[in-house]
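Engineer: Here it is: the structure, laid out below.
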Amino acid sequence: MRIKHAIIAAGTAGCLVACGSSSGSDDKDRSTPASTSTAPPSTVVPTGIAAAGAELKLGQQAVVPWQDGYIGITVTAVETGDVASFRQKFGSNAEGMTPYYIRLTLENLGGTDLSTKNPPLVRAMLADGSGTGTFITGSVDACSSKLTPKTFTTVGAKFDTCRLDAAAADDKVTGASYSEGRDYQDKPVRWLR
């Protein structure tokens, strides 16, 4: 059984909070409101929508309904982060934790205005398919999440971002998962390292 961790940094530096359990239901409570597969009339509906529970390799794109359109999510890397800079950012409460940098390329596939939004929540995944049990707000210099750009409004618009996550030092991170929206809450899309 994993030990749950809680890290809260002072001020606006960011925080890491323990959430969920090792049962794989970590992300359900933090998901954004359920997406629907019904897009506005002006939205292009792409083909090849990712099935619930789809397993992909790093570098493969998952097409998912997101916000009021469709987005392609490509997890390009799940990297072990720099422990020293992570501890410097989050303080002594980060002891026993290993940071992970989840690098993403996002593509607007529906042509709706998806500008200035928080990117989809893609999380580090353990060997059993569950989440890490942590939730981080904040970033480090090597992995900074940013809002979708103002130009993220047309079919084919792309941008790269990074999501910071962390796991207990003895947990093995094997990939990343996406579980937002009702279609993926119980069966996330997964990218395997």
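Going through the structure tokens in order, the chains are called A, B, and so on, while each chain numbers its residues from 1 and the ligands are numbered from 1 in the order shown.
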What's the 9 Å shell around Thr151 of chain A, counting only C-alpha atoms, without same-chain residues fewer than 3 positions away, as a PyMOL selection string?

Structural biologist: chain A and resi 113-116+148+154+157-158

Engineer: Determine the nearest neighbour of Ile136 of chain A from the options A:Val173, A:Leu109, A:Ala94, A:Ala84, counting only C-alpha atoms.

Structural biologist: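 Checking each candidate against Ile136 of chain A, we get A:Ala94 as the closest.
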
Engineer: Which distance in Å separates atom CA of Lys57 of chain A and atom CA of Lys150 of chain A, to one decimal?

Structural biologist: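 Separation of atom CA of Lys57 of chain A and atom CA of Lys150 of chain A: 29.5 Å.
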
Engineer: In Å, with one decimal, what is the gap from atom CA of Ala127 of chain A to atom CA of Lys172 of chain A?

Structural biologist: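 Distance reported for this atom pair: 6.3 Å.
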
Engineer: Pick out the residues sitting within 8 Å of Gln67 of chain A, and hand them over as a list in words; count only C-alpha atoms, and ignore anything fewer than 2 positions along from it in its own chain.

Structural biologist: Ser35, Pro65, Gly69, Tyr70 and Leu114 of chain A

Engineer: Please, could you write that set of residues out with N, CA and C atoms as an mmCIF file, in the first residue's frame?

Structural biologist:
data_model
loop_
_atom_site.group_PDB
_atom_site.id
_atom_site.type_symbol
_atom_site.label_atom_id
_atom_site.label_comp_id
_atom_site.auth_asym_id
_atom_site.auth_seq_id
_atom_site.Cartn_x
_atom_site.Cartn_y
_atom_site.Cartn_z
ATOM 1 N N SER A 35 -17.121 16.113 -20.305
ATOM 2 C CA SER A 35 -17.240 16.566 -21.688
ATOM 3 C C SER A 35 -18.330 15.755 -22.357
ATOM 4 N N PRO A 65 -12.749 14.423 -27.074
ATOM 5 C CA PRO A 65 -13.562 15.623 -26.900
ATOM 6 C C PRO A 65 -13.013 16.394 -25.701
ATOM 7 N N GLY A 69 -14.869 21.401 -27.915
ATOM 8 C CA GLY A 69 -14.348 20.972 -29.204
ATOM 9 C C GLY A 69 -13.636 19.636 -29.104
ATOM 10 N N TYR A 70 -12.620 19.479 -29.930
ATOM 11 C CA TYR A 70 -11.831 18.248 -29.945
ATOM 12 C C TYR A 70 -10.360 18.621 -29.941
ATOM 13 N N LEU A 114 -10.220 27.372 -28.428
ATOM 14 C CA LEU A 114 -9.738 26.711 -27.208
ATOM 15 C C LEU A 114 -8.591 27.505 -26.597
#

Engineer: When distances are computed from only C-alpha atoms, which of A:Gly133, A:Gly48, A:Pro119, A:Gly138 shows the smallest separation from Phe159 of chain A?

Structural biologist: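 Closest residue, counting only C-alpha atoms: A:Pro119.
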
Engineer: Neighbours of Pro188 of chain A within 9 Å (only C-alpha atoms; same-chain residues fewer than 5 positions away dropped), as a PyMOL selection string?

Structural biologist: chain A and resi 52-55+129+177-180+183

Engineer: Based on the selection just made, write N, CA, C and O atoms of those residues as an mmCIF file, in the first residue's frame.

Structural biologist:
data_model
loop_
_atom_site.group_PDB
_atom_site.id
_atom_site.type_symbol
_atom_site.label_atom_id
_atom_site.label_comp_id
_atom_site.auth_asym_id
_atom_site.auth_seq_id
_atom_site.Cartn_x
_atom_site.Cartn_y
_atom_site.Cartn_z
ATOM 1 N N ALA A 52 -12.437 4.612 -24.789
ATOM 2 C CA ALA A 52 -12.153 4.544 -23.361
ATOM 3 C C ALA A 52 -11.191 3.383 -23.112
ATOM 4 O O ALA A 52 -11.355 2.298 -23.665
ATOM 5 N N GLY A 53 -10.163 3.615 -22.325
ATOM 6 C CA GLY A 53 -9.191 2.574 -22.004
ATOM 7 C C GLY A 53 -8.135 2.345 -23.064
ATOM 8 O O GLY A 53 -7.330 1.419 -22.942
ATOM 9 N N ALA A 54 -8.094 3.184 -24.094
ATOM 10 C CA ALA A 54 -7.101 3.010 -25.166
ATOM 11 C C ALA A 54 -5.688 3.060 -24.602
ATOM 12 O O ALA A 54 -5.388 3.859 -23.713
ATOM 13 N N GLU A 55 -4.815 2.187 -25.095
ATOM 14 C CA GLU A 55 -3.411 2.172 -24.706
ATOM 15 C C GLU A 55 -2.569 2.574 -25.901
ATOM 16 O O GLU A 55 -2.687 1.985 -26.979
ATOM 17 N N GLY A 129 -1.697 0.927 -13.357
ATOM 18 C CA GLY A 129 -2.634 1.772 -14.090
ATOM 19 C C GLY A 129 -3.240 2.892 -13.269
ATOM 20 O O GLY A 129 -3.965 3.728 -13.794
ATOM 21 N N SER A 177 -1.578 9.101 -18.061
ATOM 22 C CA SER A 177 -2.983 8.818 -18.371
ATOM 23 C C SER A 177 -3.803 10.098 -18.412
ATOM 24 O O SER A 177 -3.455 11.108 -17.801
ATOM 25 N N TYR A 178 -4.920 10.020 -19.138
ATOM 26 C CA TYR A 178 -5.872 11.125 -19.272
ATOM 27 C C TYR A 178 -7.245 10.582 -18.909
ATOM 28 O O TYR A 178 -7.706 9.601 -19.503
ATOM 29 N N SER A 179 -7.899 11.209 -17.922
ATOM 30 C CA SER A 179 -9.192 10.681 -17.470
ATOM 31 C C SER A 179 -10.265 11.756 -17.334
ATOM 32 O O SER A 179 -11.235 11.565 -16.617
ATOM 33 N N GLU A 180 -10.119 12.887 -18.027
ATOM 34 C CA GLU A 180 -11.138 13.928 -17.958
ATOM 35 C C GLU A 180 -12.340 13.546 -18.812
ATOM 36 O O GLU A 180 -12.219 12.841 -19.809
ATOM 37 N N ASP A 183 -16.348 10.060 -20.610
ATOM 38 C CA ASP A 183 -15.934 8.907 -21.401
ATOM 39 C C ASP A 183 -14.687 8.226 -20.851
ATOM 40 O O ASP A 183 -14.466 7.038 -21.103
#

Engineer: Write out as an mmCIF file with all heavy atoms, in the first residue's frame the set of residues from segment 9-191 of chain A that DSSP, computed on the backbone, places in helix (DSSP H, G or I).

Structural biologist:
data_model
loop_
_atom_site.group_PDB
_atom_site.id
_atom_site.type_symbol
_atom_site.label_atom_id
_atom_site.label_comp_id
_atom_site.auth_asym_id
_atom_site.auth_seq_id
_atom_site.Cartn_x
_atom_site.Cartn_y
_atom_site.Cartn_z
ATOM 1 N N LYS A 28 -10.822 11.008 -10.515
ATOM 2 C CA LYS A 28 -12.245 11.204 -10.681
ATOM 3 C C LYS A 28 -12.736 12.467 -9.984
ATOM 4 O O LYS A 28 -13.490 13.230 -10.542
ATOM 5 C CB LYS A 28 -13.024 10.023 -10.121
ATOM 6 C CG LYS A 28 -13.107 8.860 -11.044
ATOM 7 C CD LYS A 28 -13.785 7.761 -10.283
ATOM 8 C CE LYS A 28 -14.775 7.025 -11.091
ATOM 9 N NZ LYS A 28 -15.353 5.921 -10.370
ATOM 10 N N ASP A 29 -12.300 12.660 -8.744
ATOM 11 C CA ASP A 29 -12.807 13.778 -7.971
ATOM 12 C C ASP A 29 -12.282 15.111 -8.450
ATOM 13 O O ASP A 29 -12.843 16.139 -8.131
ATOM 14 C CB ASP A 29 -12.465 13.582 -6.490
ATOM 15 C CG ASP A 29 -13.134 12.343 -5.932
ATOM 16 O OD1 ASP A 29 -14.204 11.952 -6.438
ATOM 17 O OD2 ASP A 29 -12.574 11.761 -5.004
ATOM 18 N N ARG A 30 -11.180 15.136 -9.181
ATOM 19 C CA ARG A 30 -10.591 16.385 -9.626
ATOM 20 C C ARG A 30 -10.874 16.658 -11.096
ATOM 21 O O ARG A 30 -10.424 17.653 -11.628
ATOM 22 C CB ARG A 30 -9.078 16.354 -9.402
ATOM 23 C CG ARG A 30 -8.725 16.440 -7.948
ATOM 24 C CD ARG A 30 -7.242 16.529 -7.781
ATOM 25 N NE ARG A 30 -6.515 15.525 -8.512
ATOM 26 C CZ ARG A 30 -6.359 14.281 -8.123
ATOM 27 N NH1 ARG A 30 -6.878 13.857 -7.016
ATOM 28 N NH2 ARG A 30 -5.669 13.441 -8.842
ATOM 29 N N VAL A 83 15.262 16.134 -8.728
ATOM 30 C CA VAL A 83 14.801 16.075 -7.350
ATOM 31 C C VAL A 83 15.209 17.331 -6.582
ATOM 32 O O VAL A 83 14.428 17.887 -5.807
ATOM 33 C CB VAL A 83 15.322 14.794 -6.652
ATOM 34 C CG1 VAL A 83 14.981 14.800 -5.173
ATOM 35 C CG2 VAL A 83 14.741 13.553 -7.329
ATOM 36 N N ALA A 84 16.437 17.818 -6.793
ATOM 37 C CA ALA A 84 16.928 18.986 -6.054
ATOM 38 C C ALA A 84 16.078 20.223 -6.328
ATOM 39 O O ALA A 84 15.674 20.928 -5.391
ATOM 40 C CB ALA A 84 18.392 19.256 -6.398
ATOM 41 N N SER A 85 15.764 20.496 -7.590
ATOM 42 C CA SER A 85 14.959 21.689 -7.893
ATOM 43 C C SER A 85 13.521 21.505 -7.408
ATOM 44 O O SER A 85 12.875 22.461 -6.980
ATOM 45 C CB SER A 85 14.996 22.027 -9.380
ATOM 46 O OG SER A 85 14.376 21.014 -10.144
ATOM 47 N N PHE A 86 13.030 20.281 -7.427
ATOM 48 C CA PHE A 86 11.693 19.993 -6.920
ATOM 49 C C PHE A 86 11.625 20.277 -5.419
ATOM 50 O O PHE A 86 10.703 20.932 -4.932
ATOM 51 C CB PHE A 86 11.339 18.537 -7.231
ATOM 52 C CG PHE A 86 9.957 18.127 -6.815
ATOM 53 C CD1 PHE A 86 8.839 18.630 -7.451
ATOM 54 C CD2 PHE A 86 9.776 17.203 -5.803
ATOM 55 C CE1 PHE A 86 7.563 18.240 -7.081
ATOM 56 C CE2 PHE A 86 8.509 16.799 -5.425
ATOM 57 C CZ PHE A 86 7.404 17.320 -6.064
ATOM 58 N N ARG A 87 12.632 19.804 -4.694
ATOM 59 C CA ARG A 87 12.659 20.043 -3.241
ATOM 60 C C ARG A 87 12.877 21.516 -2.923
ATOM 61 O O ARG A 87 12.322 22.030 -1.954
ATOM 62 C CB ARG A 87 13.732 19.177 -2.586
ATOM 63 C CG ARG A 87 13.326 17.721 -2.572
ATOM 64 C CD ARG A 87 14.279 16.844 -1.832
ATOM 65 N NE ARG A 87 13.830 15.468 -1.923
ATOM 66 C CZ ARG A 87 14.601 14.424 -1.748
ATOM 67 N NH1 ARG A 87 15.875 14.592 -1.464
ATOM 68 N NH2 ARG A 87 14.122 13.218 -1.843
ATOM 69 N N GLN A 88 13.660 22.183 -3.750
ATOM 70 C CA GLN A 88 13.868 23.614 -3.535
ATOM 71 C C GLN A 88 12.545 24.364 -3.696
ATOM 72 O O GLN A 88 12.231 25.269 -2.927
ATOM 73 C CB GLN A 88 14.911 24.156 -4.508
ATOM 74 C CG GLN A 88 15.188 25.632 -4.325
ATOM 75 C CD GLN A 88 16.246 26.139 -5.295
ATOM 76 O OE1 GLN A 88 16.708 25.410 -6.175
ATOM 77 N NE2 GLN A 88 16.630 27.385 -5.147
ATOM 78 N N LYS A 89 11.764 23.971 -4.665
ATOM 79 C CA LYS A 89 10.481 24.640 -4.936
ATOM 80 C C LYS A 89 9.432 24.331 -3.872
ATOM 81 O O LYS A 89 8.722 25.209 -3.413
ATOM 82 C CB LYS A 89 9.971 24.204 -6.318
ATOM 83 C CG LYS A 89 8.616 24.716 -6.694
ATOM 84 C CD LYS A 89 8.657 26.161 -7.090
ATOM 85 C CE LYS A 89 7.306 26.619 -7.588
ATOM 86 N NZ LYS A 89 7.376 27.798 -8.396
ATOM 87 N N PHE A 90 9.332 23.056 -3.476
ATOM 88 C CA PHE A 90 8.254 22.636 -2.590
ATOM 89 C C PHE A 90 8.690 22.418 -1.143
ATOM 90 O O PHE A 90 7.872 22.045 -0.305
ATOM 91 C CB PHE A 90 7.566 21.388 -3.146
ATOM 92 C CG PHE A 90 6.829 21.662 -4.426
ATOM 93 C CD1 PHE A 90 7.391 21.345 -5.650
ATOM 94 C CD2 PHE A 90 5.590 22.273 -4.408
ATOM 95 C CE1 PHE A 90 6.720 21.613 -6.832
ATOM 96 C CE2 PHE A 90 4.907 22.553 -5.582
ATOM 97 C CZ PHE A 90 5.472 22.219 -6.793
ATOM 98 N N GLY A 91 9.969 22.599 -0.859
ATOM 99 C CA GLY A 91 10.434 22.531 0.518
ATOM 100 C C GLY A 91 10.636 21.122 1.044
ATOM 101 O O GLY A 91 10.588 20.133 0.317
ATOM 102 N N SER A 92 10.832 21.058 2.355
ATOM 103 C CA SER A 92 11.153 19.776 2.993
ATOM 104 C C SER A 92 10.015 18.772 2.905
ATOM 105 O O SER A 92 10.236 17.572 3.041
ATOM 106 C CB SER A 92 11.530 20.004 4.461
ATOM 107 O OG SER A 92 10.427 20.557 5.157
ATOM 108 N N ASN A 93 8.793 19.238 2.650
ATOM 109 C CA ASN A 93 7.670 18.309 2.504
ATOM 110 C C ASN A 93 7.787 17.444 1.259
ATOM 111 O O ASN A 93 7.039 16.483 1.110
ATOM 112 C CB ASN A 93 6.346 19.078 2.467
ATOM 113 C CG ASN A 93 6.005 19.668 3.808
ATOM 114 O OD1 ASN A 93 6.364 19.118 4.843
ATOM 115 N ND2 ASN A 93 5.329 20.788 3.802
ATOM 116 N N ALA A 94 8.701 17.774 0.359
ATOM 117 C CA ALA A 94 8.895 16.972 -0.851
ATOM 118 C C ALA A 94 9.812 15.778 -0.601
ATOM 119 O O ALA A 94 10.053 14.992 -1.519
ATOM 120 C CB ALA A 94 9.472 17.843 -1.965
#

Engineer: Pull the strand (DSSP E) assignments for segment 22-190 of chain A out of DSSP run on the backbone, and list those residues as a count of residues only.

Structural biologist: 61

Engineer: How far is it from atom CA of Gly156 of chain A to atom CA of Gly59 of chain A, in Å with one decimal?

Structural biologist: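 Taking atom CA of Gly156 of chain A as the start and atom CA of Gly59 of chain A as the end point, the length is 16.9 Å.
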
Engineer: A:Val189, A:Ala77, A:Leu147, A:Leu104: which is nearest Ser130 of chain A, counting only C-alpha atoms?

Structural biologist: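 With only C-alpha atoms as the atom set, the closest residue is A:Val189.
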